[in-house]
$ cat coords_13.txt   # compact mmCIF, C-alpha atoms
# COMPACT_ATOMS: atom_id res chain seq x y z
CA MET A 279 0.00 0.00 0.00
CA ASN A 280 1.34 3.40 -0.99
CA ALA A 281 -0.08 5.99 1.36
CA LEU A 282 2.09 8.90 0.38
CA ALA A 283 0.20 12.11 -0.30
CA LYS A 284 0.40 13.49 -3.83
CA ARG A 285 2.62 16.56 -3.68
CA ILE A 286 1.94 20.05 -4.99
CA ILE A 287 5.16 21.91 -5.73
CA PRO A 288 5.40 25.58 -6.71
CA CYS A 289 8.53 26.39 -8.67
CA LEU A 290 10.31 29.72 -8.21
CA ASP A 291 12.72 31.01 -10.82
CA VAL A 292 15.40 33.13 -9.21
CA LYS A 293 17.55 35.67 -11.00
CA ASP A 294 20.16 37.69 -9.12
CA GLY A 295 18.49 36.73 -5.86
CA LYS A 296 15.02 37.89 -6.94
CA THR A 297 12.03 35.85 -8.06
CA VAL A 298 11.01 36.20 -11.67
CA LYS A 299 7.26 36.36 -12.44
CA GLY A 300 6.27 36.47 -8.81
CA THR A 301 4.60 39.84 -8.98
CA ASN A 302 0.90 39.07 -8.71
CA PHE A 303 0.99 37.09 -5.52
CA VAL A 304 -1.71 38.33 -3.24
CA ASN A 305 -1.11 39.90 0.15
CA LEU A 306 2.62 39.70 0.00
CA ARG A 307 4.82 42.62 0.87
CA ASN A 308 7.73 41.56 -1.22
CA ALA A 309 6.93 38.86 -3.77
CA GLY A 310 10.30 39.57 -5.33
CA ASP A 311 12.03 37.95 -2.37
CA PRO A 312 12.21 34.18 -2.99
CA VAL A 313 12.34 33.44 0.73
CA GLU A 314 9.22 35.40 1.50
CA LEU A 315 7.35 34.01 -1.49
CA GLY A 316 8.46 30.48 -0.58
CA LYS A 317 7.26 30.98 2.95
CA ALA A 318 3.87 32.18 1.73
CA TYR A 319 3.54 29.04 -0.39
CA SER A 320 4.60 26.88 2.51
CA ASP A 321 1.99 28.50 4.75
CA ALA A 322 -0.61 28.01 2.00
CA GLY A 323 0.05 24.25 2.03
CA ALA A 324 2.73 23.61 -0.59
CA ASP A 325 4.33 20.23 0.08
CA GLU A 326 7.72 21.12 -1.24
CA LEU A 327 9.39 24.01 -3.04
CA VAL A 328 11.73 24.20 -6.00
CA PHE A 329 14.08 27.16 -6.47
CA LEU A 330 15.80 27.40 -9.84
CA ASP A 331 18.78 29.67 -10.33
CA ILE A 332 18.46 31.16 -13.79
CA THR A 333 21.47 33.44 -13.49
CA ALA A 334 24.58 32.21 -15.17
CA SER A 335 27.16 34.52 -13.63
CA LEU A 336 29.48 33.57 -10.82
CA GLU A 337 28.24 36.51 -8.78
CA GLY A 338 24.64 35.37 -9.28
CA ARG A 339 25.56 31.92 -8.07
CA LYS A 340 26.94 33.33 -4.85
CA THR A 341 23.76 35.33 -4.30
CA PHE A 342 21.74 32.17 -4.91
CA THR A 343 23.74 30.20 -2.35
CA ASN A 344 23.07 32.92 0.22
CA MET A 345 19.39 32.69 -0.62
CA VAL A 346 19.46 28.90 -0.09
CA GLU A 347 20.89 29.49 3.39
CA ARG A 348 18.05 31.87 4.18
CA VAL A 349 15.44 29.43 2.86
CA ALA A 350 16.87 26.69 5.10
CA LYS A 351 16.62 29.00 8.11
CA GLU A 352 13.10 30.24 7.42
CA ILE A 353 11.13 27.41 5.80
CA ASN A 354 9.92 24.23 7.48
CA ILE A 355 9.21 21.99 4.48
CA PRO A 356 11.63 20.22 2.13
CA PHE A 357 13.04 22.15 -0.81
CA THR A 358 14.95 21.40 -3.98
CA VAL A 359 17.37 23.74 -5.71
CA GLY A 360 18.69 23.65 -9.24
CA GLY A 361 20.22 25.60 -12.07
CA GLY A 362 23.90 25.79 -12.82
CA VAL A 363 24.73 22.47 -11.18
CA ASN A 364 27.61 21.09 -13.23
CA GLU A 365 29.78 19.13 -10.85
CA LEU A 366 29.89 17.51 -7.44
CA ALA A 367 31.29 20.69 -5.90
CA ASP A 368 28.08 22.54 -6.85
CA VAL A 369 25.98 19.86 -5.16
CA ASP A 370 28.19 20.06 -2.11
CA ARG A 371 27.84 23.86 -1.93
CA LEU A 372 24.02 23.74 -2.16
CA LEU A 373 23.60 20.91 0.36
CA GLN A 374 25.97 22.67 2.75
CA ALA A 375 23.77 25.74 2.43
CA GLY A 376 20.85 23.59 3.63
CA ALA A 377 19.02 22.37 0.51
CA ASP A 378 17.31 18.99 0.89
CA LYS A 379 17.65 17.99 -2.75
CA VAL A 380 19.49 19.20 -5.81
CA SER A 381 18.14 19.07 -9.33
CA ILE A 382 20.44 18.50 -12.28
CA ASN A 383 19.79 18.55 -16.02
CA SER A 384 22.21 19.53 -18.77
CA ALA A 385 25.27 18.43 -16.87
CA VAL A 386 24.13 14.83 -16.44
CA LEU A 387 23.22 14.34 -20.07
CA CYS A 388 26.79 15.30 -20.90
CA GLN A 389 28.32 13.30 -18.03
CA PRO A 390 25.83 10.74 -16.70
CA ASP A 391 28.34 9.51 -14.12
CA LEU A 392 27.59 12.65 -12.09
CA ILE A 393 24.40 10.89 -10.91
CA ASN A 394 26.42 7.97 -9.52
CA GLN A 395 28.84 10.38 -7.88
CA ILE A 396 26.04 12.32 -6.19
CA THR A 397 24.16 9.27 -4.95
CA ASN A 398 27.34 7.60 -3.70
CA HIS A 399 28.26 10.69 -1.74
CA TYR A 400 24.92 11.84 -0.42
CA GLY A 401 22.35 9.10 -1.09
CA SER A 402 19.82 8.86 -3.89
CA GLN A 403 17.25 11.00 -2.08
CA VAL A 404 19.16 14.23 -2.75
CA CYS A 405 19.43 13.64 -6.50
CA VAL A 406 16.54 14.96 -8.59
CA CYS A 407 17.16 14.41 -12.27
CA ALA A 408 15.38 17.01 -14.40
CA ILE A 409 14.49 15.93 -17.93
CA ASP A 410 13.17 18.38 -20.53
CA ALA A 411 11.75 16.60 -23.55
CA ARG A 412 9.68 17.20 -26.65
CA TYR A 413 7.88 14.84 -29.01
CA ASP A 414 9.58 14.90 -32.41
CA LYS A 415 8.09 12.90 -35.30
CA ASP A 416 8.49 9.43 -33.82
CA ASP A 417 9.54 9.75 -30.20
CA TRP A 418 10.28 11.95 -27.19
CA TYR A 419 13.78 13.48 -27.27
CA CYS A 420 15.68 15.12 -24.43
CA TYR A 421 16.80 18.73 -24.60
CA ILE A 422 19.47 20.58 -22.64
CA ARG A 423 20.50 24.17 -21.89
CA GLY A 424 17.04 25.35 -20.97
CA GLY A 425 15.46 23.61 -23.95
CA ARG A 426 17.68 25.30 -26.52
CA GLU A 427 19.65 22.27 -27.60
CA LYS A 428 18.28 18.93 -28.79
CA THR A 429 20.16 15.76 -27.91
CA GLY A 430 19.95 12.33 -29.49
CA ARG A 431 18.79 10.81 -26.20
CA LYS A 432 15.26 9.42 -26.11
CA LEU A 433 13.18 10.18 -23.03
CA PHE A 434 12.25 6.67 -21.91
CA GLU A 435 15.72 5.19 -22.37
CA TRP A 436 17.30 8.10 -20.57
CA ALA A 437 14.78 7.90 -17.71
CA LYS A 438 15.59 4.24 -17.22
CA GLU A 439 19.30 5.02 -17.22
CA VAL A 440 19.07 7.81 -14.63
CA ALA A 441 16.98 5.56 -12.37
CA ASP A 442 19.49 2.72 -12.77
CA ARG A 443 22.31 5.09 -11.92
CA GLY A 444 20.59 5.88 -8.64
CA ALA A 445 18.66 9.13 -9.12
CA GLY A 446 16.07 9.62 -6.38
CA GLU A 447 13.39 11.31 -8.48
CA ILE A 448 12.69 12.41 -12.03
CA LEU A 449 11.36 15.89 -12.73
CA PHE A 450 9.90 15.58 -16.22
CA THR A 451 9.00 18.73 -18.16
CA SER A 452 7.17 18.32 -21.43
CA MET A 453 8.27 21.24 -23.59
CA ASP A 454 5.23 20.62 -25.79
CA HIS A 455 2.93 21.28 -22.85
CA ASP A 456 4.92 23.89 -20.95
CA GLY A 457 3.39 27.36 -20.91
CA ILE A 458 0.27 26.34 -22.85
CA LYS A 459 -1.89 25.57 -19.80
CA GLN A 460 -3.80 22.76 -21.49
CA GLY A 461 -2.83 20.04 -19.05
CA PHE A 462 0.19 17.85 -18.39
CA ALA A 463 1.71 15.21 -20.72
CA ASN A 464 -0.26 12.45 -19.02
CA GLU A 465 0.38 9.68 -21.50
CA ALA A 466 4.15 10.09 -21.41
CA LEU A 467 4.04 10.49 -17.62
CA ALA A 468 2.09 7.26 -17.13
CA GLN A 469 4.57 5.48 -19.35
CA LEU A 470 7.45 6.87 -17.29
CA SER A 471 5.84 5.56 -14.12
CA GLU A 472 5.63 2.11 -15.70
CA ILE A 473 9.27 2.15 -16.78
CA VAL A 474 10.94 3.34 -13.59
CA SER A 475 10.15 2.79 -9.94
CA ILE A 476 11.35 6.15 -8.61
CA PRO A 477 8.92 9.06 -8.02
CA ILE A 478 7.99 11.21 -11.00
CA ILE A 479 7.37 14.94 -10.66
CA ALA A 480 5.25 16.23 -13.53
CA SER A 481 5.94 19.68 -14.92
CA GLY A 482 4.57 21.74 -17.78
CA GLY A 483 0.96 22.39 -18.68
CA ALA A 484 -0.87 23.25 -15.47
CA GLY A 485 -3.74 25.65 -16.17
CA LYS A 486 -6.68 24.61 -14.03
CA GLU A 487 -7.62 22.31 -11.16
CA GLU A 488 -8.74 19.45 -13.40
CA HIS A 489 -5.25 19.24 -14.85
CA PHE A 490 -3.89 18.30 -11.45
CA LYS A 491 -6.54 15.63 -10.99
CA ASP A 492 -5.68 14.22 -14.41
CA VAL A 493 -1.95 14.22 -13.83
CA PHE A 494 -2.36 12.20 -10.64
CA LEU A 495 -5.03 9.79 -11.88
CA GLN A 496 -4.13 9.38 -15.57
CA GLY A 497 -0.51 10.50 -15.52
CA LYS A 498 0.16 8.51 -12.30
CA ALA A 499 2.54 11.27 -11.18
CA ASP A 500 3.73 11.39 -7.58
CA ALA A 501 3.96 15.17 -7.58
CA ALA A 502 2.95 18.07 -9.78
CA LEU A 503 5.02 21.19 -10.24
CA ALA A 504 3.74 24.50 -11.51
CA ALA A 505 4.85 28.11 -11.61
CA SER A 506 2.71 30.74 -13.24
CA VAL A 507 -0.74 29.43 -12.22
CA PHE A 508 0.34 29.89 -8.62
CA HIS A 509 2.42 33.03 -9.09
CA PHE A 510 -0.37 34.89 -10.84
CA GLY A 511 -2.97 33.66 -8.38
CA GLU A 512 -5.01 31.80 -11.01
CA LEU A 513 -5.05 28.85 -8.64
CA THR A 514 -4.47 28.86 -4.91
CA ILE A 515 -3.02 25.84 -3.17
CA PRO A 516 -5.72 25.56 -0.45
CA HIS A 517 -8.50 25.58 -3.08
CA LEU A 518 -6.65 23.18 -5.31
CA LYS A 519 -6.09 20.75 -2.46
CA GLN A 520 -9.71 20.90 -1.31
CA TYR A 521 -10.75 20.11 -4.87
CA LEU A 522 -8.31 17.18 -5.15
CA LYS A 523 -9.43 15.80 -1.83
CA LYS A 524 -13.03 15.92 -2.99
CA GLU A 525 -11.96 13.98 -6.06
CA GLY A 526 -10.64 11.24 -3.80
CA ILE A 527 -6.95 12.05 -4.15
CA ASN A 528 -4.71 11.74 -1.08
CA VAL A 529 -3.38 15.24 -0.40
CA ARG A 530 -1.98 16.81 2.73
CA ILE A 531 -4.42 19.35 4.10
CA MET B 184 16.31 26.00 28.73
CA THR B 185 19.33 24.27 27.19
CA VAL B 186 18.76 21.91 24.29
CA ALA B 187 21.69 19.79 23.19
CA ILE B 188 21.87 18.12 19.79
CA VAL B 189 24.08 15.06 19.62
CA LYS B 190 26.91 15.81 17.21
CA TYR B 191 28.15 12.82 15.25
CA ASN B 192 28.67 11.67 11.67
CA ALA B 193 24.97 11.67 10.84
CA GLY B 194 24.32 14.11 8.08
CA ASN B 195 22.22 17.21 7.90
CA ILE B 196 21.68 18.18 11.54
CA TYR B 197 21.50 21.86 10.70
CA SER B 198 17.86 21.53 9.68
CA VAL B 199 17.14 20.61 13.31
CA VAL B 200 19.20 23.56 14.54
CA ASN B 201 17.23 25.84 12.20
CA ALA B 202 13.88 24.40 13.27
CA LEU B 203 14.70 25.01 16.95
CA ARG B 204 15.84 28.53 16.15
CA ARG B 205 12.44 29.20 14.56
CA LEU B 206 10.94 28.17 17.91
CA GLY B 207 13.21 30.64 19.66
CA ILE B 208 15.70 28.08 20.98
CA GLN B 209 19.44 28.42 20.49
CA SER B 210 20.60 24.79 20.66
CA ILE B 211 24.06 23.41 21.41
CA LEU B 212 25.60 20.99 18.96
CA THR B 213 27.87 18.78 21.03
CA ASP B 214 29.56 15.41 21.50
CA ASP B 215 30.73 16.27 25.01
CA ALA B 216 29.32 13.87 27.61
CA GLU B 217 29.11 16.46 30.37
CA THR B 218 27.24 18.96 28.18
CA LEU B 219 24.79 16.27 27.08
CA ARG B 220 24.18 15.19 30.68
CA LYS B 221 23.53 18.74 31.83
CA ALA B 222 21.15 19.74 29.03
CA ASP B 223 17.42 20.03 29.80
CA LYS B 224 16.55 18.29 26.55
CA VAL B 225 18.58 16.20 24.14
CA ILE B 226 17.85 15.69 20.46
CA PHE B 227 19.41 12.74 18.70
CA PRO B 228 18.93 13.30 14.96
CA GLY B 229 20.20 11.09 12.22
CA GLN B 230 20.52 10.54 8.53
CA GLY B 231 22.68 8.03 6.77
CA ASN B 232 23.94 4.60 7.55
CA ALA B 233 23.28 2.82 10.88
CA LEU B 234 26.46 0.76 10.80
CA GLU B 235 28.71 3.78 10.31
CA ALA B 236 26.75 5.83 12.82
CA MET B 237 27.04 3.14 15.54
CA ALA B 238 30.77 2.72 14.89
CA HIS B 239 31.21 6.45 15.40
CA LEU B 240 29.03 6.54 18.54
CA ARG B 241 30.93 3.60 20.08
CA LYS B 242 34.31 5.09 19.30
CA TYR B 243 33.41 8.22 21.28
CA ARG B 244 31.43 6.24 23.91
CA LEU B 245 28.35 8.26 23.03
CA ASP B 246 26.20 5.11 22.87
CA GLU B 247 26.56 4.59 26.63
CA GLU B 248 26.11 8.28 27.32
CA ILE B 249 22.86 8.41 25.38
CA LYS B 250 21.56 5.26 27.05
CA ASN B 251 22.13 6.74 30.51
CA LEU B 252 20.46 10.10 29.88
CA THR B 253 17.58 10.83 32.23
CA GLN B 254 16.09 14.01 30.74
CA PRO B 255 13.71 13.88 27.74
CA VAL B 256 15.52 12.62 24.63
CA LEU B 257 14.10 12.79 21.11
CA GLY B 258 15.47 10.48 18.42
CA ILE B 259 14.74 11.52 14.84
CA CYS B 260 14.76 9.23 11.78
CA VAL B 261 17.94 7.13 12.00
CA GLY B 262 18.04 8.44 15.58
CA GLN B 263 14.87 6.43 16.29
CA GLN B 264 16.40 3.38 14.64
CA LEU B 265 19.63 3.65 16.63
CA LEU B 266 17.64 3.70 19.86
CA CYS B 267 16.45 0.17 19.01
CA LYS B 268 18.22 -3.04 19.93
CA HIS B 269 19.49 -4.01 16.50
CA SER B 270 19.45 -2.75 12.89
CA LYS B 271 19.45 -4.87 9.76
CA GLU B 272 21.22 -1.99 8.06
CA GLY B 273 24.74 -3.35 8.32
CA ASP B 274 23.48 -5.92 10.86
CA VAL B 275 24.63 -3.87 13.80
CA ASP B 276 23.71 -3.86 17.49
CA CYS B 277 22.38 -0.46 18.49
CA ILE B 278 21.75 1.46 21.72
CA GLY B 279 18.91 -0.76 22.87
CA ILE B 280 16.34 1.47 24.54
CA PHE B 281 13.53 -0.02 22.47
CA ASP B 282 13.41 -3.79 22.29
CA ALA B 283 12.98 -3.91 18.50
CA VAL B 284 14.86 -4.86 15.35
CA VAL B 285 15.06 -2.33 12.51
CA GLU B 286 14.03 -3.91 9.19
CA LYS B 287 14.52 -2.98 5.53
CA PHE B 288 11.50 -2.16 3.38
CA HIS B 289 10.84 -4.71 0.66
CA PRO B 290 8.63 -3.36 -2.13
CA VAL B 291 5.62 -5.55 -2.86
CA ALA B 292 4.01 -3.65 -5.73
CA HIS B 293 5.55 -1.51 -8.51
CA GLU B 294 4.18 1.61 -6.78
CA ASP B 295 6.11 0.80 -3.60
CA LYS B 296 9.07 3.09 -3.90
CA VAL B 297 12.05 2.86 -1.54
CA PRO B 298 13.33 5.11 -0.02
CA VAL B 299 9.96 6.25 1.24
CA MET B 300 10.02 9.94 0.50
CA GLY B 301 7.10 12.22 1.15
CA TRP B 302 4.15 13.12 3.32
CA GLN B 303 2.09 10.53 5.16
CA LYS B 304 -0.68 10.77 7.69
CA ILE B 305 0.19 9.16 11.00
CA GLU B 306 -2.28 7.35 13.24
CA ILE B 307 -1.95 7.97 16.93
CA GLN B 308 -2.25 4.62 18.64
CA GLY B 309 -4.70 3.47 21.27
CA GLU B 310 -6.69 5.50 23.72
CA GLN B 311 -3.98 5.43 26.35
CA TYR B 312 -1.73 7.36 23.97
CA GLN B 313 -4.20 9.92 22.73
CA GLY B 314 -3.00 12.09 25.54
CA ASN B 315 0.68 11.47 24.89
CA ASN B 316 2.35 14.78 25.43
CA LEU B 317 4.59 14.51 22.38
CA LEU B 318 1.60 14.17 20.08
CA LYS B 319 -0.98 16.43 21.64
CA GLY B 320 -2.84 19.06 19.64
CA LEU B 321 -1.92 17.76 16.20
CA GLY B 322 -5.43 18.01 14.82
CA GLU B 323 -7.30 15.51 12.70
CA HIS B 324 -4.84 15.12 9.87
CA PRO B 325 -1.28 15.01 11.12
CA TYR B 326 0.70 14.68 7.89
CA VAL B 327 4.45 14.50 8.39
CA TYR B 328 7.49 14.17 6.13
CA PHE B 329 9.25 10.81 5.86
CA LEU B 330 12.51 9.91 4.20
CA HIS B 331 13.84 6.42 4.94
CA SER B 332 14.58 2.91 3.65
CA TYR B 333 14.51 1.04 6.98
CA TYR B 334 11.69 0.92 9.51
CA VAL B 335 10.89 -0.11 13.06
CA PRO B 336 8.02 -2.66 13.26
CA ILE B 337 5.13 -2.00 15.60
CA THR B 338 6.12 -2.67 19.20
CA SER B 339 4.62 -2.06 22.62
CA TYR B 340 6.47 1.30 22.63
CA THR B 341 4.79 2.48 19.43
CA ILE B 342 2.65 5.57 20.04
CA ALA B 343 1.87 6.40 16.40
CA THR B 344 1.93 4.33 13.23
CA ALA B 345 2.43 4.97 9.54
CA ASN B 346 1.39 2.61 6.78
CA TYR B 347 3.66 2.22 3.77
CA ILE B 348 3.91 -1.27 2.33
CA LEU B 349 3.02 -2.34 5.87
CA PRO B 350 2.14 -0.66 9.18
CA TYR B 351 5.20 0.41 11.17
CA SER B 352 6.30 2.71 14.02
CA ALA B 353 6.06 6.41 13.22
CA CYS B 354 6.63 7.45 16.86
CA MET B 355 7.80 5.58 19.93
CA GLN B 356 8.19 6.26 23.61
CA LYS B 357 9.72 4.53 26.60
CA ASP B 358 10.20 6.47 29.82
CA ASN B 359 12.18 9.61 28.95
CA PHE B 360 13.00 8.41 25.42
CA TYR B 361 10.86 9.67 22.55
CA ALA B 362 11.39 9.01 18.88
CA CYS B 363 10.03 9.89 15.42
CA GLN B 364 10.78 8.05 12.21
CA PHE B 365 9.77 11.14 10.21
CA HIS B 366 11.42 14.56 10.18
CA PRO B 367 9.51 16.98 12.43
CA GLU B 368 11.97 19.70 11.41
CA LYS B 369 10.69 19.40 7.81
CA SER B 370 7.03 18.67 8.59
CA GLY B 371 5.53 22.15 8.45
CA LYS B 372 3.29 23.30 11.28
CA THR B 373 2.60 19.75 12.50
CA GLY B 374 6.31 19.13 12.91
CA GLU B 375 6.76 22.44 14.64
CA ARG B 376 4.05 21.48 17.12
CA ILE B 377 5.72 18.15 17.84
CA LEU B 378 9.06 19.88 18.51
CA GLN B 379 7.31 22.43 20.72
CA ASN B 380 5.55 19.59 22.59
CA PHE B 381 8.94 17.98 23.15
CA LEU B 382 10.42 21.25 24.45
CA ASP B 383 7.41 21.57 26.79
CA LEU B 384 7.85 18.10 28.32
$ encode --input "coords_13.txt" --output "structure tokens"
Amino acid sequence: MNALAKRIIPCLDVKDGKTVKGTNFVNLRNAGDPVELGKAYSDAGADELVFLDITASLEGRKTFTNMVERVAKEINIPFTVGGGVNELADVDRLLQAGADKVSINSAVLCQPDLINQITNHYGSQVCVCAIDARYDKDDWYCYIRGGREKTGRKLFEWAKEVADRGAGEILFTSMDHDGIKQGFANEALAQLSEIVSIPIIASGGAGKEEHFKDVFLQGKADAALAASVFHFGELTIPHLKQYLKKEGINVRI
Amino acid sequence: MTVAIVKYNAGNIYSVVNALRRLGIQSILTDDAETLRKADKVIFPGQGNALEAMAHLRKYRLDEEIKNLTQPVLGICVGQQLLCKHSKEGDVDCIGIFDAVVEKFHPVAHEDKVPVMGWQKIEIQGEQYQGNNLLKGLGEHPYVYFLHSYYVPITSYTIATANYILPYSACMQKDNFYACQFHPEKSGKTGERILQNFLDL
């Protein structure tokens, strides 16, 4: 019996220590501060938070690490950080700062052994493997560098490999669904859940409450991640969770 | 009030330090026997491997120190497991407060994922425990955050259960020793309440 609650995860993009797109959040003094925004989500019932560093500069990375330390001090739920993680030293820096998990993407497609290194050092639970993919003619293909570069790797083969190498979770973003708000890539998600036995976090496509129901029931996802629907207040986490509970889905309320 | 956190090779203890700080408590991270003995409360956190943790505790004689503490002690996660008699993780004898053997989860169905990672509702056991001071005031739906691959079966010391693959001990108590398999320091308001309850003991 699997009694784990389905998780709702807001994702915060952080640039130079400030949240991007966080401006419409209701009743918040400073939605530009990732820590304050994260805390508001946590109080609203988010089960976990993801902070992605979208700055590339060295200076930005330092600012981000300071932010991670503040999140660890202020927030009482687990959180994942990602962006710019290229080697074990980056993982070390972010875990030292207090992150619970680290998400990696481009770097592991170029050097898959990084997954083994991370899990050997810190355990599989800290290693979230992010996969961005798009359906192209005949199959799903993985992309790197924020979706700008196509690789020859196919989604399902790569997912199996990252699980075999010890990744703790897969964060799958369908680039075909991302930003369109027409629902998640449920078919591909369900197939992922069949192929691997590690938790799948679904990302890309959230627009309304029904989409979350579908991603849990049809897509068999363990968690659903979304950004703009929460940031712009189109959906609130308490309402969403009440709805999911009514639909018979196990959520933490 | 002084709260000591047992310092040893057991991973991310700073999340416990941070959680206590949010409750207004400046804790002391220590492996000094005298400091542990004198503290009003002792927290024994843990993450990582039982075999390595026990080797470290034995080397610094902390296993005996912990066993002889008389103030309220709270074991967290691997901390709960190390307070048991024996762990199958590395097949190692542990501190032995709770007469129980720590077992490894064996997935039964494809959906059974190990490590168990996420939020689960705990059931507070039996009427005699409803009033247990560690678990008071948690409301109807105490969801807490778990992250583990080994578990303690249900014993006579179990005061709350979780059910993943099979029912097991989520919280335990014997005399002044309390323990949680989950991470109260990462369990939102419910976890905060449990830590506050422990501080209020």
$ closest_atom_pairs --input "coords_13.txt" --of "region 363-438 of chain A" --to "region 350-372 of chain B" --cutoff "12 Å" --atoms "all atoms listed in the file" --output "Markdown table"
| residue | atom | partner | partner_atom | distance |
| --- | --- | --- | --- | --- |
| A:Gly376 | CA | B:Lys369 | CA | 11.8 |
| A:Ala377 | CA | B:Lys369 | CA | 11.5 |
| A:Asp378 | CA | B:Lys369 | CA | 9.6 |
$ interface_residues --input "coords_13.txt" --of "chain B" --to "chain A" --cutoff "10 Å" --atoms "all atoms listed in the file" --output "ChimeraX atom specification"
/B:194-205,230-232,290-304,323-331,345-350,366-375
$ closest_residue --input "coords_13.txt" --among "A:Ala505, A:Asp454, A:Ala385, A:Leu449" --to "Ile422 (chain A)" --atoms "all atoms listed in the file"
A:Ala385
$ residues_near_point --input "coords_13.txt" --point "(25.8, 19.1, -7.2)" --cutoff "9 Å" --atoms "all atoms listed in the file" --output "VMD selection string"
chain A and resid 360 362 to 373 380 to 382 392 396 405
$ closest_residue --input "coords_13.txt" --among "A:Asp416, A:Gly485, A:Ile286, A:Ala463" --to "Leu522 (chain A)" --atoms "all atoms listed in the file"
A:Ile286
$ atom_distance --input "coords_13.txt" --atom1 "CA of Val284 (chain B)" --atom2 "CA of Val261 (chain B)"
12.8 Å
$ atom_distance --input "coords_13.txt" --atom1 "CA of Glu347 (chain A)" --atom2 "CA of Asp294 (chain A)"
15.0 Å
$ atom_distance --input "coords_13.txt" --atom1 "CA of Ala236 (chain B)" --atom2 "CA of Leu317 (chain B)"
25.6 Å
$ residues_around --input "coords_13.txt" --residues "Leu252 (chain B)" --least-positions-apart "2" --cutoff "10 Å" --atoms "all atoms listed in the file" --output "mmCIF file with C-alpha atoms, keeping the file's coordinate frame"
data_model
loop_
_atom_site.group_PDB
_atom_site.id
_atom_site.type_symbol
_atom_site.label_atom_id
_atom_site.label_comp_id
_atom_site.auth_asym_id
_atom_site.auth_seq_id
_atom_site.Cartn_x
_atom_site.Cartn_y
_atom_site.Cartn_z
ATOM 1 C CA ALA B 216 29.320 13.870 27.610
ATOM 2 C CA LEU B 219 24.790 16.270 27.080
ATOM 3 C CA ARG B 220 24.180 15.190 30.680
ATOM 4 C CA LYS B 221 23.530 18.740 31.830
ATOM 5 C CA ALA B 222 21.150 19.740 29.030
ATOM 6 C CA LYS B 224 16.550 18.290 26.550
ATOM 7 C CA VAL B 225 18.580 16.200 24.140
ATOM 8 C CA GLU B 247 26.560 4.590 26.630
ATOM 9 C CA GLU B 248 26.110 8.280 27.320
ATOM 10 C CA ILE B 249 22.860 8.410 25.380
ATOM 11 C CA LYS B 250 21.560 5.260 27.050
ATOM 12 C CA GLN B 254 16.090 14.010 30.740
ATOM 13 C CA PRO B 255 13.710 13.880 27.740
ATOM 14 C CA VAL B 256 15.520 12.620 24.630
ATOM 15 C CA ASN B 359 12.180 9.610 28.950
ATOM 16 C CA PHE B 360 13.000 8.410 25.420
#
$ closest_residue --input "coords_13.txt" --among "A:Leu470, A:Ala502, A:Leu518, A:Cys420" --to "Pro288 (chain A)" --atoms "all atoms listed in the file"
A:Ala502
$ build_atoms --input "coords_13.txt" --residues "region 444-455 of chain A" --atoms "N, CA and C atoms" --output "JSON list (two decimals), keeping the file's coordinate frame"
[["chain", "number", "residue", "atom", "x", "y", "z"],
["A", 444, "GLY", "N", 20.83, 5.58, -10.05],
["A", 444, "GLY", "CA", 20.59, 5.88, -8.64],
["A", 444, "GLY", "C", 19.87, 7.18, -8.35],
["A", 445, "ALA", "N", 19.39, 7.88, -9.39],
["A", 445, "ALA", "CA", 18.66, 9.13, -9.12],
["A", 445, "ALA", "C", 17.47, 8.85, -8.20],
["A", 446, "GLY", "N", 17.15, 9.81, -7.35],
["A", 446, "GLY", "CA", 16.07, 9.62, -6.38],
["A", 446, "GLY", "C", 14.70, 9.94, -6.95],
["A", 447, "GLU", "N", 14.66, 10.89, -7.89],
["A", 447, "GLU", "CA", 13.39, 11.31, -8.48],
["A", 447, "GLU", "C", 13.65, 11.82, -9.89],
["A", 448, "ILE", "N", 12.61, 11.80, -10.71],
["A", 448, "ILE", "CA", 12.69, 12.41, -12.03],
["A", 448, "ILE", "C", 11.71, 13.57, -12.09],
["A", 449, "LEU", "N", 12.22, 14.73, -12.50],
["A", 449, "LEU", "CA", 11.36, 15.89, -12.73],
["A", 449, "LEU", "C", 11.23, 16.04, -14.24],
["A", 450, "PHE", "N", 10.08, 15.62, -14.77],
["A", 450, "PHE", "CA", 9.90, 15.58, -16.22],
["A", 450, "PHE", "C", 9.10, 16.79, -16.70],
["A", 451, "THR", "N", 9.70, 17.59, -17.55],
["A", 451, "THR", "CA", 9.00, 18.73, -18.16],
["A", 451, "THR", "C", 8.74, 18.43, -19.63],
["A", 452, "SER", "N", 7.49, 18.44, -20.01],
["A", 452, "SER", "CA", 7.17, 18.32, -21.43],
["A", 452, "SER", "C", 7.21, 19.71, -22.04],
["A", 453, "MET", "N", 8.15, 19.93, -22.95],
["A", 453, "MET", "CA", 8.27, 21.24, -23.59],
["A", 453, "MET", "C", 7.09, 21.51, -24.51],
["A", 454, "ASP", "N", 6.42, 20.44, -24.94],
["A", 454, "ASP", "CA", 5.23, 20.62, -25.79],
["A", 454, "ASP", "C", 4.06, 21.17, -24.98],
["A", 455, "HIS", "N", 4.06, 20.88, -23.70],
["A", 455, "HIS", "CA", 2.93, 21.28, -22.85],
["A", 455, "HIS", "C", 3.23, 22.53, -22.03]]
